[in-house]
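Visitor: My questions all concern the structure below.
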Amino acid sequence: MKTLKNIPITKIQRASKLVQTGAKVGVNYLKYYGDKMVNPIADAKERLDESNATDIYDSLKDLKGSALKLAQMLSMEKNILPQAYVDKFSLSQFSVPPLSAPLVMKTFKKSFGKFPNEIFDNFNSEAENAASIGQVHRASKDGNSLAIKIQYPGVADSILSDLAMVKPIAMKMFNIKGEHSDVYFKEVEGKLLEETNYLLEIEQSLEVVAACSHIPNLKFPKYYKEWSSQQIITMDWMEGIHLSEFTKINTNQDLANTLGQALWDFYLYQMHILKKVHADPHPGNFLVSEEKKLIAIDFGCMKTIPEAFYKPYFELFNKDILEDSKLFNNKLLELEILRKEDTKEEVDFFTNMFHDVLSFFTQPFREETFDFSDPNFFDKIAAIGERYFKDTRTRNMNANRGSRHFIYMNRTFFGLFNLMFDLKAKNIKIENFKSL
């Protein structure tokens, strides 16, 4: 794969790159208008999506940082984005152009005052894989095989300006209107800034490993604080294939069930016992080892779940509350989904919308075991989401609904559900985490 000798760092450089991309998208639309005059509209639209997805991704993969991280987050929104965008943006999870060897060496020395070969016995200057915030190199020390994650230069400094540039796009995509919008963007901004703090990631990683190592069929790398810094993380090299690759080739249903149970237990244990969760459940953060164990890596994005949010949020999973209109209404008020100043039309609309969504979304939690390979379950959720997302009333009303904590909690659950579906995991014991 082609390597990058530099990354646009300044606000002007990064804005110019996006302007260039906008011009390409404009040309694609001109081609589309001509295409649909002589070809079926559906085919022309599909070609437009493919062209736009390619041009946008090509720009973001060179920018890296929060711009590319946004693409990674959007790649999980399979019910919102056209498939062409999902396919392209999914590459941001673990396959983007890496930094060139000289830039890697310069970045490493800036952190430690030494080049990698002055610290490690061996260091491969060619990246093994690269993602949105950093890339991974292989090294060895005293007979141990190590993974060295190196953050791209300028990533942390560009987050605020990047978010300012993409904010209008995101607001339009998710129908976020002026009032209350800053609360949500501050939540995303804070999490992205945390992800560039590798010293914080080390502490979070050690915390998760210590708390969750007892979960069956789950493995973690060992982390080395002495060889880590604000921009560098050193951990054990873990042999395995990405979960997305495993799901494409696996034909062993028992193994899929075992890995699915480990994944489910890992997340439910974090949510209910630790009240803190790994809020970035995409396939690039999980491997399957040769011993058929699930390996969890990359704990840069951790979401603390405040008690004031935790209690009403999970009470909505209770069938008795879902079926009691008064109790249900009270929980929606606690979670800021409804507001005291809402009109009757707004109360009725958002109450019905969230009741429909939650009735299906929480279905697994009302059963002892659940079949996550059932496409009907996911199709129903997708259909409800699409129906309300396209409803003109949703766009006409102030749709900024819910506590800011919903952003990463919902992202976690939908990401987890998608991973479980990709695994085709069956007979998953929902409350198994309680007996671990």
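To be explicit about the labels: the chains of the structure tokens are called A, B, and onward in the order shown, and within each one the residues are counted from 1, while ligands get numbers from 1 in the order they are shown.
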Could you go through segment 183-305 of chain A and tell me which residues DSSP, when run on the backbone, assigns to alpha helix (DSSP H), listing them as a VMD selection string?

Guide: chain A and resid 183 to 195 198 to 212 243 to 249 253 to 269

Visitor: Can you write just those residues out, N, CA and C atoms, as a short mmCIF file (atom, residue, chain, number, x, y, z; two decimals), in the first residue's frame?

Guide:
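Contents of the output file out-v7.cif:
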```
data_model
loop_
_atom_site.label_atom_id
_atom_site.label_comp_id
_atom_site.auth_asym_id
_atom_site.auth_seq_id
_atom_site.Cartn_x
_atom_site.Cartn_y
_atom_site.Cartn_z
N VAL A 183 -24.38 20.41 23.01
CA VAL A 183 -24.21 19.39 24.06
C VAL A 183 -23.73 18.08 23.44
N TYR A 184 -24.33 17.71 22.31
CA TYR A 184 -23.97 16.45 21.66
C TYR A 184 -22.58 16.53 21.02
N PHE A 185 -22.30 17.67 20.41
CA PHE A 185 -20.99 17.80 19.78
C PHE A 185 -19.86 17.87 20.82
N LYS A 186 -20.14 18.43 21.98
CA LYS A 186 -19.14 18.44 23.05
C LYS A 186 -18.84 17.03 23.52
N GLU A 187 -19.87 16.18 23.54
CA GLU A 187 -19.67 14.78 23.94
C GLU A 187 -18.75 14.07 22.95
N VAL A 188 -19.01 14.24 21.66
CA VAL A 188 -18.17 13.62 20.63
C VAL A 188 -16.76 14.20 20.66
N GLU A 189 -16.67 15.51 20.78
CA GLU A 189 -15.38 16.20 20.85
C GLU A 189 -14.54 15.67 22.01
N GLY A 190 -15.17 15.54 23.17
CA GLY A 190 -14.45 15.06 24.35
C GLY A 190 -13.92 13.65 24.17
N LYS A 191 -14.74 12.78 23.58
CA LYS A 191 -14.31 11.39 23.37
C LYS A 191 -13.18 11.32 22.35
N LEU A 192 -13.25 12.12 21.28
CA LEU A 192 -12.17 12.11 20.29
C LEU A 192 -10.86 12.62 20.88
N LEU A 193 -10.95 13.64 21.72
CA LEU A 193 -9.74 14.13 22.39
C LEU A 193 -9.16 13.06 23.30
N GLU A 194 -10.02 12.32 24.00
CA GLU A 194 -9.55 11.25 24.87
C GLU A 194 -8.82 10.17 24.05
N GLU A 195 -9.32 9.90 22.86
CA GLU A 195 -8.72 8.84 22.04
C GLU A 195 -7.32 9.20 21.56
N TYR A 198 -2.87 8.71 24.56
CA TYR A 198 -2.48 7.30 24.69
C TYR A 198 -2.12 6.93 26.12
N LEU A 199 -1.72 7.89 26.94
CA LEU A 199 -1.45 7.58 28.35
C LEU A 199 -2.77 7.22 29.05
N LEU A 200 -3.84 7.92 28.69
CA LEU A 200 -5.16 7.58 29.22
C LEU A 200 -5.60 6.21 28.72
N GLU A 201 -5.33 5.93 27.45
CA GLU A 201 -5.72 4.63 26.88
C GLU A 201 -5.01 3.49 27.60
N ILE A 202 -3.73 3.69 27.93
CA ILE A 202 -2.99 2.66 28.67
C ILE A 202 -3.68 2.38 30.00
N GLU A 203 -4.04 3.44 30.73
CA GLU A 203 -4.70 3.27 32.04
C GLU A 203 -6.03 2.56 31.87
N GLN A 204 -6.80 2.94 30.86
CA GLN A 204 -8.10 2.30 30.61
C GLN A 204 -7.93 0.85 30.21
N SER A 205 -6.91 0.57 29.42
CA SER A 205 -6.66 -0.80 28.98
C SER A 205 -6.31 -1.69 30.17
N LEU A 206 -5.44 -1.21 31.04
CA LEU A 206 -5.04 -1.98 32.21
C LEU A 206 -6.25 -2.22 33.13
N GLU A 207 -7.12 -1.23 33.23
CA GLU A 207 -8.33 -1.35 34.06
C GLU A 207 -9.26 -2.43 33.52
N VAL A 208 -9.49 -2.42 32.20
CA VAL A 208 -10.37 -3.41 31.58
C VAL A 208 -9.78 -4.81 31.70
N VAL A 209 -8.49 -4.95 31.44
CA VAL A 209 -7.84 -6.26 31.52
C VAL A 209 -7.97 -6.83 32.94
N ALA A 210 -7.71 -5.99 33.93
CA ALA A 210 -7.78 -6.45 35.32
C ALA A 210 -9.20 -6.87 35.70
N ALA A 211 -10.20 -6.17 35.17
CA ALA A 211 -11.59 -6.43 35.56
C ALA A 211 -12.25 -7.56 34.77
N CYS A 212 -11.78 -7.82 33.54
CA CYS A 212 -12.50 -8.73 32.65
C CYS A 212 -11.73 -9.98 32.22
N LEU A 243 -12.13 -9.86 13.20
CA LEU A 243 -13.44 -10.50 13.33
C LEU A 243 -14.21 -10.47 12.01
N SER A 244 -14.07 -9.37 11.27
CA SER A 244 -14.79 -9.26 9.99
C SER A 244 -14.33 -10.32 9.00
N GLU A 245 -13.04 -10.64 9.01
CA GLU A 245 -12.52 -11.68 8.13
C GLU A 245 -12.96 -13.06 8.61
N PHE A 246 -12.97 -13.25 9.92
CA PHE A 246 -13.38 -14.53 10.48
C PHE A 246 -14.83 -14.85 10.11
N THR A 247 -15.71 -13.85 10.21
CA THR A 247 -17.13 -14.10 9.94
C THR A 247 -17.38 -14.47 8.48
N LYS A 248 -16.49 -14.07 7.59
CA LYS A 248 -16.65 -14.39 6.17
C LYS A 248 -16.33 -15.85 5.87
N ILE A 249 -15.45 -16.46 6.68
CA ILE A 249 -14.97 -17.82 6.36
C ILE A 249 -15.45 -18.88 7.35
N GLN A 253 -20.72 -23.45 13.63
CA GLN A 253 -21.74 -22.76 14.40
C GLN A 253 -21.44 -22.75 15.89
N ASP A 254 -20.90 -23.85 16.41
CA ASP A 254 -20.57 -23.91 17.84
C ASP A 254 -19.52 -22.87 18.19
N LEU A 255 -18.55 -22.69 17.30
CA LEU A 255 -17.51 -21.69 17.54
C LEU A 255 -18.09 -20.28 17.50
N ALA A 256 -18.98 -20.04 16.54
CA ALA A 256 -19.64 -18.73 16.45
C ALA A 256 -20.41 -18.43 17.73
N ASN A 257 -21.08 -19.45 18.27
CA ASN A 257 -21.84 -19.28 19.51
C ASN A 257 -20.91 -18.99 20.69
N THR A 258 -19.78 -19.70 20.74
CA THR A 258 -18.82 -19.51 21.84
C THR A 258 -18.23 -18.11 21.82
N LEU A 259 -17.83 -17.65 20.63
CA LEU A 259 -17.25 -16.32 20.52
C LEU A 259 -18.32 -15.25 20.77
N GLY A 260 -19.53 -15.50 20.29
CA GLY A 260 -20.62 -14.56 20.52
C GLY A 260 -20.94 -14.43 22.00
N GLN A 261 -20.91 -15.54 22.73
CA GLN A 261 -21.18 -15.49 24.17
C GLN A 261 -20.09 -14.71 24.89
N ALA A 262 -18.84 -14.90 24.48
CA ALA A 262 -17.73 -14.16 25.09
C ALA A 262 -17.88 -12.67 24.84
N LEU A 263 -18.24 -12.31 23.61
CA LEU A 263 -18.42 -10.90 23.25
C LEU A 263 -19.58 -10.29 24.04
N TRP A 264 -20.68 -11.01 24.12
CA TRP A 264 -21.86 -10.52 24.84
C TRP A 264 -21.56 -10.36 26.33
N ASP A 265 -20.93 -11.38 26.92
CA ASP A 265 -20.58 -11.32 28.35
C ASP A 265 -19.65 -10.15 28.64
N PHE A 266 -18.70 -9.91 27.74
CA PHE A 266 -17.73 -8.82 27.90
C PHE A 266 -18.45 -7.47 28.00
N TYR A 267 -19.40 -7.26 27.10
CA TYR A 267 -20.09 -5.96 27.09
C TYR A 267 -21.10 -5.81 28.24
N LEU A 268 -21.86 -6.85 28.50
CA LEU A 268 -22.85 -6.74 29.58
C LEU A 268 -22.17 -6.63 30.94
N TYR A 269 -21.03 -7.29 31.11
CA TYR A 269 -20.29 -7.19 32.37
C TYR A 269 -19.79 -5.76 32.57
#
```

Visitor: Calculate how many Å separate atom CA of Ile305 of chain A from atom CA of Met409 of chain A, rounding to one decimal.

Guide: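 Here the two named atoms are 8.4 Å from each other.
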
Visitor: From the options A:Asn285, A:Thr234, A:Asn252, A:Asn124, which residue's atoms come nearest to Leu416 of chain A, counting only C-alpha atoms?

Guide: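 Of A:Asn285, A:Thr234, A:Asn252, A:Asn124, the one nearest Leu416 of chain A, counting only C-alpha atoms, is A:Asn285.
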
Visitor: Rank A:His282, A:Lys331, A:Arg138, A:Lys380 by their smallest atom-to-atom distance to Asp356 of chain A, using only C-alpha atoms, and report the top residue only.

Guide: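 For Asp356 of chain A, the nearest of the candidates is A:Lys380.
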
Visitor: So how far away is atom CA of Glu315 of chain A from atom CA of Ile407 of chain A, in Å?

Guide: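 Between atom CA of Ile407 of chain A and atom CA of Glu315 of chain A the gap is 17.9 Å.
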
Visitor: For Met235 of chain A, list every protein, DNA or RNA residue within 8 Å, evaluated using only C-alpha atoms, and leave out those in the same chain fewer than 5 positions away; present the list as JSON, numbers by chain.

Guide: {"A": [146, 147, 148, 221, 222, 223, 224]}

Visitor: Neighbouring residues of Thr196 of chain A were defined as those with any atom within 12 Å, considering only C-alpha atoms; residues of the same chain fewer than 2 positions away were excluded. Please report them as a PyMOL selection string.

Guide: chain A and resi 65-66+69+132-134+149-159+189-194+198-202+229-233+298-301

Visitor: Would you list, as a compact mmCIF listing (two decimals) with N, CA, C and O atoms, in the first residue's frame, the residues of segment 112-153 of chain A that end up in strand (DSSP E) under DSSP run on this structure's backbone?

Guide:
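After the write, out.txt holds the following:
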```txt
# COMPACT_ATOMS: atom_id res chain seq x y z
N ASN A 122 14.32 -5.49 17.71
CA ASN A 122 13.96 -5.40 16.30
C ASN A 122 12.73 -4.50 16.16
O ASN A 122 11.87 -4.48 17.04
N PHE A 123 12.67 -3.75 15.05
CA PHE A 123 11.52 -2.88 14.80
C PHE A 123 11.30 -2.81 13.29
O PHE A 123 12.21 -2.47 12.53
N ASN A 129 -0.69 -2.51 10.07
CA ASN A 129 -1.99 -1.99 9.68
C ASN A 129 -2.11 -0.54 10.16
O ASN A 129 -1.34 -0.10 11.01
N ALA A 130 -3.05 0.17 9.56
CA ALA A 130 -3.22 1.59 9.88
C ALA A 130 -4.70 1.91 9.93
O ALA A 130 -5.49 1.38 9.15
N GLY A 134 -4.07 6.15 14.49
CA GLY A 134 -2.67 5.72 14.50
C GLY A 134 -2.47 4.46 13.70
O GLY A 134 -3.41 3.89 13.15
N GLN A 135 -1.21 4.01 13.63
CA GLN A 135 -0.88 2.79 12.90
C GLN A 135 -0.02 1.89 13.77
O GLN A 135 0.61 2.35 14.73
N VAL A 136 0.02 0.61 13.43
CA VAL A 136 0.69 -0.39 14.28
C VAL A 136 1.91 -0.98 13.57
O VAL A 136 1.84 -1.35 12.39
N HIS A 137 3.01 -1.04 14.32
CA HIS A 137 4.25 -1.65 13.83
C HIS A 137 4.61 -2.85 14.70
O HIS A 137 4.23 -2.91 15.88
N ARG A 138 5.37 -3.76 14.13
CA ARG A 138 5.79 -4.95 14.86
C ARG A 138 7.22 -4.76 15.36
O ARG A 138 8.08 -4.22 14.64
N ALA A 139 7.46 -5.21 16.58
CA ALA A 139 8.80 -5.11 17.18
C ALA A 139 9.01 -6.31 18.08
O ALA A 139 8.10 -7.12 18.31
N SER A 140 10.24 -6.44 18.61
CA SER A 140 10.51 -7.50 19.59
C SER A 140 11.48 -6.98 20.64
O SER A 140 12.29 -6.07 20.38
N LYS A 141 11.38 -7.53 21.82
CA LYS A 141 12.24 -7.15 22.94
C LYS A 141 12.36 -8.34 23.89
O LYS A 141 11.35 -8.87 24.36
N ASN A 144 10.11 -11.25 23.30
CA ASN A 144 8.67 -11.01 23.22
C ASN A 144 8.32 -10.27 21.94
O ASN A 144 8.98 -9.30 21.57
N SER A 145 7.26 -10.73 21.27
CA SER A 145 6.77 -10.06 20.07
C SER A 145 5.82 -8.95 20.49
O SER A 145 4.89 -9.17 21.27
N LEU A 146 6.07 -7.73 20.00
CA LEU A 146 5.34 -6.56 20.45
C LEU A 146 4.63 -5.83 19.32
O LEU A 146 5.07 -5.88 18.16
N ALA A 147 3.55 -5.16 19.68
CA ALA A 147 2.84 -4.26 18.76
C ALA A 147 3.06 -2.83 19.25
O ALA A 147 2.80 -2.53 20.41
N ILE A 148 3.55 -1.97 18.36
CA ILE A 148 3.81 -0.57 18.71
C ILE A 148 2.82 0.31 17.95
O ILE A 148 2.87 0.41 16.73
N LYS A 149 1.91 0.93 18.68
CA LYS A 149 0.91 1.80 18.04
C LYS A 149 1.41 3.24 18.09
O LYS A 149 1.68 3.77 19.17
N ILE A 150 1.55 3.84 16.93
CA ILE A 150 2.09 5.20 16.81
C ILE A 150 1.01 6.14 16.29
O ILE A 150 0.42 5.91 15.23
N GLN A 151 0.77 7.20 17.03
CA GLN A 151 -0.26 8.17 16.65
C GLN A 151 0.23 9.07 15.52
O GLN A 151 1.39 9.48 15.49
```

Visitor: Would you mind reading off the distance between atom CA of Ile295 of chain A and atom CA of Glu239 of chain A, one decimal, in Å?

Guide: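 Atom-to-atom, atom CA of Ile295 of chain A to atom CA of Glu239 of chain A, that is 9.1 Å.
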
Visitor: Counting only C-alpha atoms, which of A:Ile297, A:Thr362, A:Phe417, A:Asp379 gets nearest to Leu322 of chain A?

Guide: A:Thr362
